[in-house]
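Undergrad: Structure file protein-v6.cif (mmCIF, C-alpha atoms) is given on the next line.
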data_my_file
loop_
_atom_site.label_atom_id
_atom_site.label_comp_id
_atom_site.auth_asym_id
_atom_site.auth_seq_id
_atom_site.Cartn_x
_atom_site.Cartn_y
_atom_site.Cartn_z
CA MET H 1257 47.37 68.32 -29.43
CA ASN H 1258 46.04 71.87 -29.71
CA CYS H 1259 47.00 75.04 -27.85
CA TRP H 1260 43.94 74.95 -25.56
CA ARG H 1261 44.88 71.46 -24.46
CA ILE H 1262 48.47 72.51 -23.83
CA GLU H 1263 47.31 75.35 -21.58
CA ASN H 1264 45.43 72.87 -19.40
CA LEU H 1265 48.40 70.53 -19.07
CA ILE H 1266 51.16 72.94 -18.09
CA ALA H 1267 51.18 71.93 -14.40
CA PRO H 1268 51.22 68.13 -14.88
CA PHE H 1269 53.81 68.58 -17.66
CA LEU H 1270 56.13 70.53 -15.37
CA ASP H 1271 55.42 68.19 -12.44
CA GLY H 1272 56.21 65.12 -14.52
CA GLU H 1273 52.70 63.76 -13.96
CA LEU H 1274 51.79 63.25 -17.60
CA PRO H 1275 51.94 59.79 -19.18
CA ASP H 1276 54.92 59.40 -21.50
CA ALA H 1277 52.89 59.46 -24.68
CA GLU H 1278 51.08 62.65 -23.73
CA ALA H 1279 54.26 64.31 -22.49
CA GLY H 1280 55.94 63.45 -25.79
CA ALA H 1281 53.06 64.90 -27.81
CA MET H 1282 53.18 68.05 -25.72
CA ALA H 1283 56.93 68.40 -26.17
CA ASP H 1284 56.47 68.05 -29.94
CA HIS H 1285 53.83 70.79 -29.87
CA LEU H 1286 56.02 73.12 -27.82
CA GLU H 1287 58.82 72.78 -30.38
CA GLN H 1288 56.49 74.00 -33.09
CA CYS H 1289 54.37 76.56 -31.17
CA SER H 1290 56.25 79.51 -29.75
CA ASP H 1291 53.15 80.93 -27.97
CA CYS H 1292 52.63 77.76 -25.98
CA ASN H 1293 56.34 77.41 -25.39
CA ASP H 1294 56.45 80.95 -23.94
CA LYS H 1295 53.53 80.20 -21.63
CA VAL H 1296 55.15 77.06 -20.30
CA GLU H 1297 58.48 78.80 -19.79
CA PHE H 1298 56.75 81.68 -18.02
CA VAL H 1299 55.16 79.31 -15.51
CA ALA H 1300 58.32 77.24 -15.18
CA ALA H 1301 60.33 80.37 -14.30
CA MET H 1302 58.11 81.05 -11.30
CA PRO H 1303 59.74 80.42 -7.90
CA ASP H 1304 58.92 77.05 -6.40
CA LEU H 1305 56.13 76.84 -3.88
CA VAL H 1306 57.95 75.47 -0.86
CA PRO H 1307 56.14 74.87 2.42
CA PRO H 1308 57.57 76.81 5.37
CA ASP H 1309 59.64 74.77 7.79
CA LEU H 1310 57.68 74.88 11.02
CA GLU H 1311 58.40 71.45 12.49
CA ASP H 1312 60.59 72.56 15.37
CA VAL H 1313 58.47 75.46 16.48
CA ALA H 1314 55.18 73.59 16.09
CA ALA H 1315 56.30 70.41 17.85
CA PRO H 1316 55.37 71.52 21.43
CA LEU H 1317 51.95 72.63 20.29
CA LEU H 1318 51.27 69.41 18.40
CA ASP H 1319 52.44 67.32 21.36
CA GLY H 1320 49.47 68.68 23.29
CA PHE H 1321 47.09 68.07 20.41
CA ALA H 1322 45.73 64.77 21.72
CA ASP H 1323 44.86 66.12 25.16
CA CYS H 1324 43.01 69.07 23.67
CA LEU H 1325 41.22 66.73 21.30
CA LYS H 1326 39.98 64.61 24.18
CA ASP H 1327 38.48 67.74 25.73
CA ARG H 1328 36.81 68.57 22.43
CA ILE H 1329 35.36 65.10 22.14
CA ALA H 1330 34.06 65.35 25.68
CA LEU H 1331 32.43 68.65 24.70
CA SER H 1332 30.88 67.10 21.63
CA GLU H 1333 29.61 64.33 23.85
CA SER H 1334 27.75 66.84 26.02
CA LEU H 1335 26.32 68.51 22.92
CA PHE H 1336 24.94 65.17 21.74
CA ALA H 1337 23.79 64.12 25.21
CA GLY H 1338 21.05 61.51 25.09
CA SER H 1339 21.66 60.50 21.51
CA SER H 1340 23.28 57.34 20.24
CA VAL H 1341 26.17 59.52 19.08
CA ALA H 1342 26.78 60.52 22.69
CA GLU H 1343 26.78 56.92 23.85
CA HIS H 1344 29.25 56.04 21.16
CA ALA H 1345 31.43 59.02 22.03
CA ALA H 1346 31.29 58.26 25.74
CA GLU H 1347 32.36 54.70 25.17
CA SER H 1348 35.23 55.69 22.94
CA MET H 1349 36.52 58.44 25.19
CA ALA H 1350 39.34 56.14 26.18
CA TRP H 1351 40.89 56.22 22.73
CA GLY H 1352 44.63 56.29 22.97
CA VAL H 1353 44.35 54.34 26.18
CA PRO H 1354 44.78 50.52 26.06
CA ALA H 1355 42.01 48.54 24.48
CA ALA H 1356 38.46 49.28 25.45
CA PRO H 1357 36.45 46.27 26.72
CA ALA H 1358 33.93 46.38 23.94
CA SER H 1359 34.25 47.55 20.38
CA PRO H 1360 31.67 50.01 19.09
CA ALA H 1361 30.44 47.74 16.29
CA PRO H 1362 28.58 45.17 18.42
CA ARG H 1363 27.26 48.00 20.58
CA ARG H 1364 25.72 49.61 17.56
CA GLY H 1365 24.14 46.23 16.79
CA SER H 1366 22.63 45.97 20.27
CA GLN H 1367 21.29 49.50 19.96
CA VAL H 1368 19.60 48.55 16.72
CA ASN H 1369 18.08 45.45 18.37
CA TRP H 1370 16.83 47.49 21.31
CA MET H 1371 15.27 50.05 19.03
CA THR H 1372 13.61 47.30 16.98
CA VAL H 1373 12.07 45.73 20.09
CA ALA H 1374 10.88 49.13 21.32
CA ALA H 1375 9.33 49.93 17.95
CA ALA H 1376 7.57 46.53 17.83
CA ALA H 1377 6.21 46.98 21.36
CA PHE H 1378 4.91 50.40 20.46
CA LEU H 1379 3.18 49.07 17.36
CA VAL H 1380 1.51 46.24 19.32
CA ALA H 1381 0.34 48.65 22.02
CA PHE H 1382 -0.97 51.08 19.42
CA ALA H 1383 -2.81 48.33 17.55
CA GLY H 1384 -4.43 47.09 20.80
CA TRP H 1385 -5.44 50.59 21.78
CA SER H 1386 -6.92 51.19 18.33
CA LEU H 1387 -8.92 47.96 18.50
CA VAL H 1388 -10.39 48.74 21.93
CA THR H 1389 -11.12 52.30 20.92
CA GLN H 1390 -12.85 51.19 17.74
CA GLN H 1391 -15.03 48.74 19.67
CA ARG H 1392 -16.02 51.49 22.08
CA ILE H 1393 -16.82 53.83 19.21
CA ASP H 1394 -18.99 51.13 17.59
CA GLU H 1395 -20.89 50.62 20.86
CA LEU H 1396 -21.46 54.33 21.29
CA GLU H 1397 -22.62 54.71 17.69
CA GLN H 1398 -25.05 51.82 18.13
CA SER H 1399 -26.35 53.29 21.35
CA LEU H 1400 -26.79 56.72 19.77
CA ALA H 1401 -28.63 55.20 16.83
CA GLU H 1402 -31.05 53.44 19.17
CA ARG H 1403 -31.62 56.62 21.12
CA ASP H 1404 -32.17 58.61 17.94
CA GLN H 1405 -34.77 56.08 16.91
CA LEU H 1406 -36.55 56.39 20.25
CA ILE H 1407 -36.46 60.18 20.07
CA ARG H 1408 -37.92 60.20 16.56
CA LYS H 1409 -40.67 57.86 17.71
CA LEU H 1410 -41.37 60.10 20.69
CA GLU H 1411 -41.40 63.23 18.54
CA GLN H 1412 -43.86 61.64 16.11
CA GLN H 1413 -46.18 60.76 18.96
CA VAL H 1414 -45.89 64.26 20.43
CA VAL H 1415 -46.58 65.86 17.06
CA ALA H 1416 -49.57 63.56 16.57
CA GLY H 1417 -50.86 64.71 19.94
CA ARG H 1418 -51.13 61.21 21.15
CA VAL H 1419 -48.50 61.53 23.83
CA ASP H 1420 -47.89 63.97 26.56
CA ILE H 1421 -44.58 64.04 28.19
CA ARG H 1422 -44.01 64.52 31.81
CA ALA H 1423 -40.54 65.37 32.84
CA LEU H 1424 -38.85 62.88 35.04
CA PRO H 1425 -36.32 63.67 37.67
CA PRO H 1426 -33.06 61.94 36.76
CA GLU H 1427 -33.21 59.59 39.74
CA THR H 1428 -36.52 58.17 38.47
CA ALA H 1429 -35.34 57.49 34.93
CA GLY H 1430 -35.67 53.91 33.86
CA ALA H 1431 -33.40 51.75 31.78
CA ASP H 1432 -35.21 52.78 28.63
CA SER H 1433 -35.05 56.49 29.39
CA VAL H 1434 -33.56 58.81 26.80
CA PRO H 1435 -32.29 62.33 27.18
CA VAL H 1436 -34.50 64.95 25.57
CA PHE H 1437 -32.69 68.10 24.60
CA LEU H 1438 -35.61 70.00 23.18
CA PRO H 1439 -35.48 73.64 24.19
CA SER H 1440 -38.24 74.69 26.45
CA ALA H 1441 -39.24 77.70 28.43
CA ALA H 1442 -40.68 75.42 31.03
CA PRO H 1443 -38.99 75.15 34.39
CA SER H 1444 -36.58 72.34 35.04
CA PRO H 1445 -38.04 68.98 36.07
CA GLN H 1446 -36.78 69.30 39.59
CA THR H 1447 -38.92 72.37 40.18
CA LEU H 1448 -42.15 70.86 38.91
CA PRO H 1449 -44.62 69.75 41.49
CA ALA H 1450 -45.01 65.99 41.79
CA GLY H 1451 -47.40 64.62 39.21
CA ALA H 1452 -47.39 67.85 37.20
CA PHE H 1453 -47.40 67.67 33.43
CA ALA H 1454 -45.28 69.62 31.01
CA PRO H 1455 -45.79 69.69 27.26
CA VAL H 1456 -42.14 69.20 26.41
CA ASN H 1457 -39.22 69.47 28.69
CA TYR H 1458 -35.66 68.51 28.87
CA GLY H 1459 -34.22 65.91 31.11
CA MET H 1460 -34.96 62.20 31.10
CA ALA H 1461 -38.12 60.88 29.48
CA SER H 1462 -39.45 57.40 28.91
CA ILE H 1463 -41.54 56.04 26.11
CA ASP H 1464 -44.24 53.55 26.85
CA SER H 1465 -43.65 53.97 30.48
CA PRO H 1466 -46.45 54.70 33.00
CA ARG H 1467 -45.24 58.28 33.16
CA LEU H 1468 -46.11 58.85 29.51
CA VAL H 1469 -49.78 59.59 29.32
CA ARG H 1470 -52.00 59.49 26.29
CA MET B 260 64.79 20.89 25.22
CA ALA B 261 64.67 23.76 22.81
CA GLN B 262 63.57 27.05 24.28
CA PRO B 263 60.78 28.81 22.43
CA SER B 264 62.26 31.77 20.68
CA LEU B 265 60.85 35.19 21.39
CA LYS B 266 59.99 37.08 18.29
CA LEU B 267 59.89 40.84 18.39
CA VAL B 268 57.29 42.19 16.03
CA PRO B 269 58.03 45.78 15.05
CA GLN B 270 55.07 48.07 15.51
CA PRO B 271 54.36 50.37 12.57
CA SER B 272 55.03 54.01 13.23
CA PRO B 273 51.99 56.27 13.04
CA GLN B 274 53.42 58.08 10.01
CA SER B 275 54.18 54.96 8.00
CA ILE B 276 51.07 52.97 8.80
CA THR B 277 48.70 52.72 5.86
CA GLU B 278 45.00 53.47 5.83
CA ASP B 279 44.23 49.81 5.15
CA GLU B 280 46.24 48.81 8.22
CA ILE B 281 44.32 51.33 10.33
CA LYS B 282 41.04 49.94 9.00
CA ALA B 283 42.14 46.40 9.86
CA ILE B 284 42.90 47.52 13.42
CA ALA B 285 39.54 49.31 13.61
CA ALA B 286 37.75 46.02 13.05
CA SER B 287 38.86 44.87 16.49
CA ASP B 288 39.74 48.11 18.27
CA ARG B 289 38.21 51.32 16.94
CA ASN B 290 39.76 53.45 19.67
CA ARG B 291 43.29 52.44 18.80
CA ALA B 292 42.54 52.92 15.11
CA PHE B 293 41.33 56.44 15.79
CA ASP B 294 44.43 57.14 17.85
CA LEU B 295 46.61 56.02 14.94
CA LEU B 296 44.57 58.10 12.52
CA VAL B 297 45.15 61.21 14.62
CA ARG B 298 48.87 60.50 14.95
CA LYS B 299 49.22 59.87 11.22
CA TYR B 300 47.46 62.98 9.94
CA ARG B 301 47.59 65.41 12.87
CA ASP B 302 50.54 67.45 11.62
CA ARG B 303 49.49 67.56 7.99
CA ILE B 304 45.95 68.67 8.77
CA TYR B 305 47.22 71.34 11.16
CA TYR B 306 49.72 72.65 8.60
CA HIS B 307 47.11 72.62 5.85
CA ALA B 308 44.82 74.74 8.03
CA LEU B 309 47.77 76.97 8.89
CA TYR B 310 48.65 77.57 5.21
CA ILE B 311 45.09 78.71 4.49
CA THR B 312 44.28 80.68 7.64
CA LYS B 313 47.85 81.91 8.30
CA ASP B 314 46.93 81.91 11.97
CA SER B 315 48.14 79.24 14.34
CA ALA B 316 45.24 79.55 16.79
CA GLU B 317 42.70 79.27 14.00
CA ALA B 318 44.55 76.39 12.43
CA PHE B 319 44.75 74.51 15.71
CA ASP B 320 41.04 75.03 16.26
CA VAL B 321 40.19 73.82 12.78
CA ALA B 322 42.42 70.76 13.08
CA GLN B 323 40.78 69.84 16.38
CA ASP B 324 37.35 70.26 14.85
CA VAL B 325 38.29 68.10 11.86
CA PHE B 326 39.27 65.22 14.11
CA VAL B 327 36.20 65.59 16.31
CA ARG B 328 34.15 65.25 13.14
CA ALA B 329 36.28 62.31 12.08
CA TYR B 330 35.59 60.73 15.44
CA HIS B 331 31.84 60.90 14.85
CA GLU B 332 32.07 59.87 11.18
CA SER B 333 30.65 56.36 11.14
CA ARG B 334 32.09 55.53 7.70
CA MET B 335 35.63 56.48 8.66
CA PHE B 336 36.96 52.93 8.83
CA ASP B 337 34.72 51.41 6.17
CA ASP B 338 36.31 49.65 3.21
CA GLY B 339 36.90 52.04 0.36
CA PHE B 340 36.54 55.15 2.51
CA LYS B 341 39.32 57.61 1.71
CA MET B 342 40.31 58.93 5.10
CA LYS B 343 43.03 61.31 3.96
CA ALA B 344 40.86 62.90 1.27
CA TRP B 345 37.98 63.24 3.74
CA LEU B 346 40.21 64.92 6.34
CA PHE B 347 41.69 67.39 3.87
CA ARG B 348 38.28 68.14 2.37
CA VAL B 349 36.67 68.87 5.74
CA CYS B 350 39.70 70.90 6.77
CA THR B 351 39.66 72.96 3.58
CA ASN B 352 35.96 73.70 3.88
CA ARG B 353 36.27 74.65 7.54
CA CYS B 354 39.18 76.97 6.81
CA TYR B 355 37.38 78.87 4.09
CA ASN B 356 34.27 79.14 6.23
CA ILE B 357 36.38 80.70 8.95
CA VAL B 358 38.19 83.00 6.57
CA ARG B 359 34.80 84.22 5.37
CA ASP B 360 33.53 84.65 8.90
CA LYS B 361 35.58 87.60 10.10
CA HIS B 362 33.82 87.85 13.44
CA ARG B 363 35.00 84.46 14.55
CA ARG B 364 38.64 85.48 14.57
CA GLY B 365 38.46 87.68 17.64
CA GLY B 366 36.32 85.16 19.47
CA ILE B 367 38.83 82.40 19.15
CA LEU B 368 41.76 84.52 20.20
CA ASP B 369 39.84 85.70 23.24
CA ARG B 370 38.95 82.15 24.18
CA LEU B 371 42.50 80.92 23.77
CA GLY B 372 43.79 83.91 25.70
CA LYS B 373 41.59 83.00 28.61
CA GLN B 374 42.36 79.31 28.40
CA ASN B 375 46.08 78.94 28.39
CA ASP B 376 48.97 81.38 28.29
CA VAL B 377 51.42 78.65 27.29
CA LEU B 378 49.25 77.68 24.35
CA ARG B 379 48.93 81.29 23.30
CA GLU B 380 52.71 81.72 23.37
CA GLN B 381 53.14 78.63 21.23
CA HIS B 382 50.72 80.03 18.69
CA ARG B 383 52.54 83.35 18.65
CA ALA B 384 55.89 81.63 18.10
CA ILE B 385 54.49 79.68 15.15
CA ASP B 386 52.89 82.77 13.62
CA SER B 387 56.19 84.61 13.96
CA VAL B 388 58.15 81.91 12.18
CA LEU B 389 55.41 81.59 9.57
CA ASP B 390 55.72 85.27 8.74
CA LYS B 391 59.46 84.93 8.28
CA GLU B 392 59.30 81.70 6.32
CA LEU B 393 56.65 82.72 3.86
CA SER B 394 57.99 84.85 1.11
CA ARG B 395 56.08 88.11 1.23
CA GLU B 396 55.70 88.25 -2.54
CA MET B 397 54.52 84.68 -2.74
CA ALA B 398 52.07 85.12 0.15
CA ALA B 399 50.66 88.29 -1.39
CA ALA B 400 50.31 86.65 -4.79
CA LEU B 401 48.60 83.60 -3.32
CA SER B 402 46.16 85.78 -1.43
CA GLN B 403 45.10 87.39 -4.71
CA LEU B 404 43.97 84.07 -6.18
CA THR B 405 40.49 82.62 -5.94
CA PRO B 406 39.93 80.11 -3.12
CA ASP B 407 39.75 77.30 -5.69
CA HIS B 408 43.15 78.17 -7.14
CA ARG B 409 44.74 78.87 -3.78
CA SER B 410 43.59 75.63 -2.20
CA ILE B 411 44.64 73.43 -5.11
CA LEU B 412 48.12 74.97 -5.09
CA ILE B 413 48.43 74.46 -1.34
CA LEU B 414 47.20 70.87 -1.57
CA ARG B 415 49.72 70.10 -4.31
CA TYR B 416 52.85 72.01 -3.38
CA TYR B 417 52.58 72.56 0.38
CA ASP B 418 50.69 69.45 1.45
CA ASP B 419 52.34 67.29 -1.22
CA LEU B 420 49.17 65.47 -2.22
CA SER B 421 49.20 63.47 -5.43
CA TYR B 422 46.95 64.47 -8.31
CA GLN B 423 44.62 61.57 -7.51
CA GLU B 424 44.48 62.54 -3.84
CA ILE B 425 43.61 66.10 -4.82
CA ALA B 426 40.85 64.75 -7.06
CA ASP B 427 39.48 62.70 -4.15
CA THR B 428 39.78 65.62 -1.75
CA LEU B 429 38.07 68.18 -3.94
CA GLN B 430 35.75 65.56 -5.45
CA ILE B 431 36.63 66.53 -9.00
CA LYS B 432 37.96 64.57 -11.97
CA LEU B 433 41.66 63.99 -12.50
CA GLY B 434 41.53 66.01 -15.72
CA THR B 435 39.97 68.90 -13.81
CA VAL B 436 42.81 68.75 -11.30
CA MET B 437 45.32 69.08 -14.13
CA SER B 438 43.57 71.96 -15.84
CA ARG B 439 42.73 73.83 -12.61
CA LEU B 440 46.27 73.43 -11.33
CA SER B 441 47.66 74.66 -14.66
CA ARG B 442 45.46 77.74 -14.63
CA ALA B 443 46.25 78.36 -10.95
CA LYS B 444 49.99 78.25 -11.62
CA ALA B 445 49.68 80.51 -14.62
CA ARG B 446 47.60 82.98 -12.58
CA LEU B 447 50.10 82.86 -9.72
CA ALA B 448 52.98 83.51 -12.11
CA GLU B 449 51.11 86.52 -13.49
CA GLN B 450 50.50 87.85 -9.98
CA LEU B 451 54.17 87.49 -9.09
CA LYS B 452 55.12 89.28 -12.28
CA GLN B 453 52.74 92.14 -11.51
CA GLU B 454 54.18 92.58 -8.03
CA ASP B 455 57.78 92.39 -9.19
CA PRO B 456 58.07 93.26 -12.91
CA ASP B 457 61.86 93.04 -12.78
CA ALA B 458 61.85 89.42 -11.67
#
Translate this structure into structure tokens?
TA:
Amino acid sequence: MNCWRIENLIAPFLDGELPDAEAGAMADHLEQCSDCNDKVEFVAAMPDLVPPDLEDVAAPLLDGFADCLKDRIALSESLFAGSSVAEHAAESMAWGVPAAPASPAPRRGSQVNWMTVAAAAFLVAFAGWSLVTQQRIDELEQSLAERDQLIRKLEQQVVAGRVDIRALPPETAGADSVPVFLPSAAPSPQTLPAGAFAPVNYGMASIDSPRLVR
Amino acid sequence: MAQPSLKLVPQPSPQSITEDEIKAIAASDRNRAFDLLVRKYRDRIYYHALYITKDSAEAFDVAQDVFVRAYHESRMFDDGFKMKAWLFRVCTNRCYNIVRDKHRRGGILDRLGKQNDVLREQHRAIDSVLDKELSREMAAALSQLTPDHRSILILRYYDDLSYQEIADTLQIKLGTVMSRLSRAKARLAEQLKQEDPDA
């Protein structure tokens, strides 16, 4: 056993906390090493650390400890209001009072079950909503693709000069009408005189309908 | 016909009941187990806080806070959970946080002053006795140590925790407890010598 080791074992040596073998080895070292022996004696000569005797004076205060603690727990309950911690605290507020009707353990289990059911219901609802939404998106995409195709066809015919477009008031649009969003300086369809022709307009237009004139 | 004999089963006192017995009770009645836990460690936790803060009002506040936290600690009655070490650890940490936070001191005294005159008088009486009981030299020397050294000395010699309990409380190895305690005692002895060279 070296001096460094001795220095780290002074307290357990003096407290009688060292195993016999180690205490014996330390005692042997102290007989041979005056430096270490002086250090141990210096610490041993220190006055004992004795806790102050406060039992009598502290007794009245500590008698009221439980009541104050109940208030604190009630306060913590309000701080955690709405959480599972608050429910647990509220249930256990009667601690110190004869047995509560239900122990917290099964309650925690029922909370877990409730949360599991809620989570499952949410997942099912979300999956259903996603499915319906996806179907709607597919329908819209298909519809837009068809309309794009019609518009391209219409544009080609207009460019080729084979088709003239007459704007149609919305109420006269047929099932095959498509919206035409081409910018135009022309007046809106509603202001055109009946039977008038416009080169390109915006509003509803039909392809291959009687209103489209070669 | 023989009468059935009534058998009186002695109830364990809160101080003598073991942690394992409290855990066994918690399996069927957590509220009663918590009540026993408070009764068993209430005084020791309060005194531990008092030794560090040297202020009864602060110590009372810390002890209350420790048990509120214990109340919400879900592992408290689990097998293998060291309740005593947990309580002392939380208490020690809270005390040093408060000692560092100088502003809190006035706030607590104000609050207690408004709450309850009787309580305030009790705190004053304890502080008065504490001042008389603590040796001035020893208190001054302790206050010169680092928090690590001061708390390990208090845990060992004031709170009477075993070396293993100190290791569990401070979450350090047993060998570290021995070496830290040895250095703390040596440092304390040096401080006492500095303050009273003739001793």
Undergrad: Restricting the calculation to only C-alpha atoms, which member of H:Asn1258, H:Gln1288, H:Ser1332, H:Asn1293 is positioned closest to chain B?
TA: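 Residue with the minimum atom-to-atom distance to chain B: H:Ser1332.
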Undergrad: Atom CA of Arg303 of chain B to atom CA of Glu1333 of chain H: how many Å, to one decimal?
TA: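 Answer for the atom CA of Arg303 of chain B to atom CA of Glu1333 of chain H separation: 25.6 Å.
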Undergrad: I'd like the contact shell of Thr435 of chain B - 9 Å cut-off, only C-alpha atoms, skipping same-chain residues fewer than 4 positions apart - returned as a list in words.
TA: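 The contact residues come out as Asn1264 of chain H; Ala426, Ile431, Arg439 and Leu440 of chain B.
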Undergrad: Between H:Pro1268, H:Pro1316, H:Pro1308, H:Pro1303, which has the minimum distance to Glu380 of chain B (counting only C-alpha atoms)?
TA: H:Pro1316
Undergrad: Using Å and a single decimal, report how far atom CA of Val349 of chain B sits from atom CA of Leu1325 of chain H.
TA: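 Separating atom CA of Leu1325 of chain H from atom CA of Val349 of chain B is a distance of 16.4 Å.
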Undergrad: What is the atom CA of Ala443 of chain B-atom CA of Ile413 of chain B distance in Å, reported with one decimal?
TA: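 Atom-to-atom, atom CA of Ala443 of chain B and atom CA of Ile413 of chain B are spaced 10.6 Å apart.
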Undergrad: Just say which residues the PyMOL selection byres ((chain B and resi 399-410) around 8) picks in this file, as a PyMOL selection string.
TA: chain B and resi 311+351+355+395-398+411-414+439-440+442-443+446-447+450-451+454
Undergrad: I need the residue nearest chain B from this list: H:Ala1277, H:Val1299, H:Met1282, H:Leu1270. Use all atoms listed in the file for the distance.
TA: H:Val1299
Undergrad: Once the PyMOL selection byres ((chain B) within 9 of (chain H)) has been evaluated on this model, what residues remain selected, and can you format them as a ChimeraX atom specification?
TA: /B:285-295,297-298,301-302,305-306,310,319,323-324,326-327,330-331,378,381-382,384-385,388-389,391-393,397,412-413,416-418,422,434-435,437-449,451-452
Undergrad: Could you check which of B:Cys354, B:Met335, B:Leu296, B:Ala283 is closest to Ser315 of chain B, using all atoms listed in the file?
TA: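 Of all the options, B:Cys354 lies closest to Ser315 of chain B.
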Undergrad: Env of Thr277 of chain B: 12 Å cut, atoms = all atoms listed in the file, seq-sep filter 2 positions within chain, self excluded. Answer as number ranges by chain.
TA: B: 271-275, 279-284, 292, 295-296, 298-300, 341-343
Undergrad: List as a list in words: which residues have an atom within 6 Å of (36.3, 65.6, -0.5), counting only C-alpha atoms?
TA: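 Output: Ala344, Trp345, Arg348, Asp427, Thr428, Leu429 and Gln430 of chain B.
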Undergrad: Pick out the closest residue to Glu424 of chain B from this set: B:Leu346, B:Asp320, B:Asp386, B:Asp337. Count all atoms listed in the file.
TA: B:Leu346
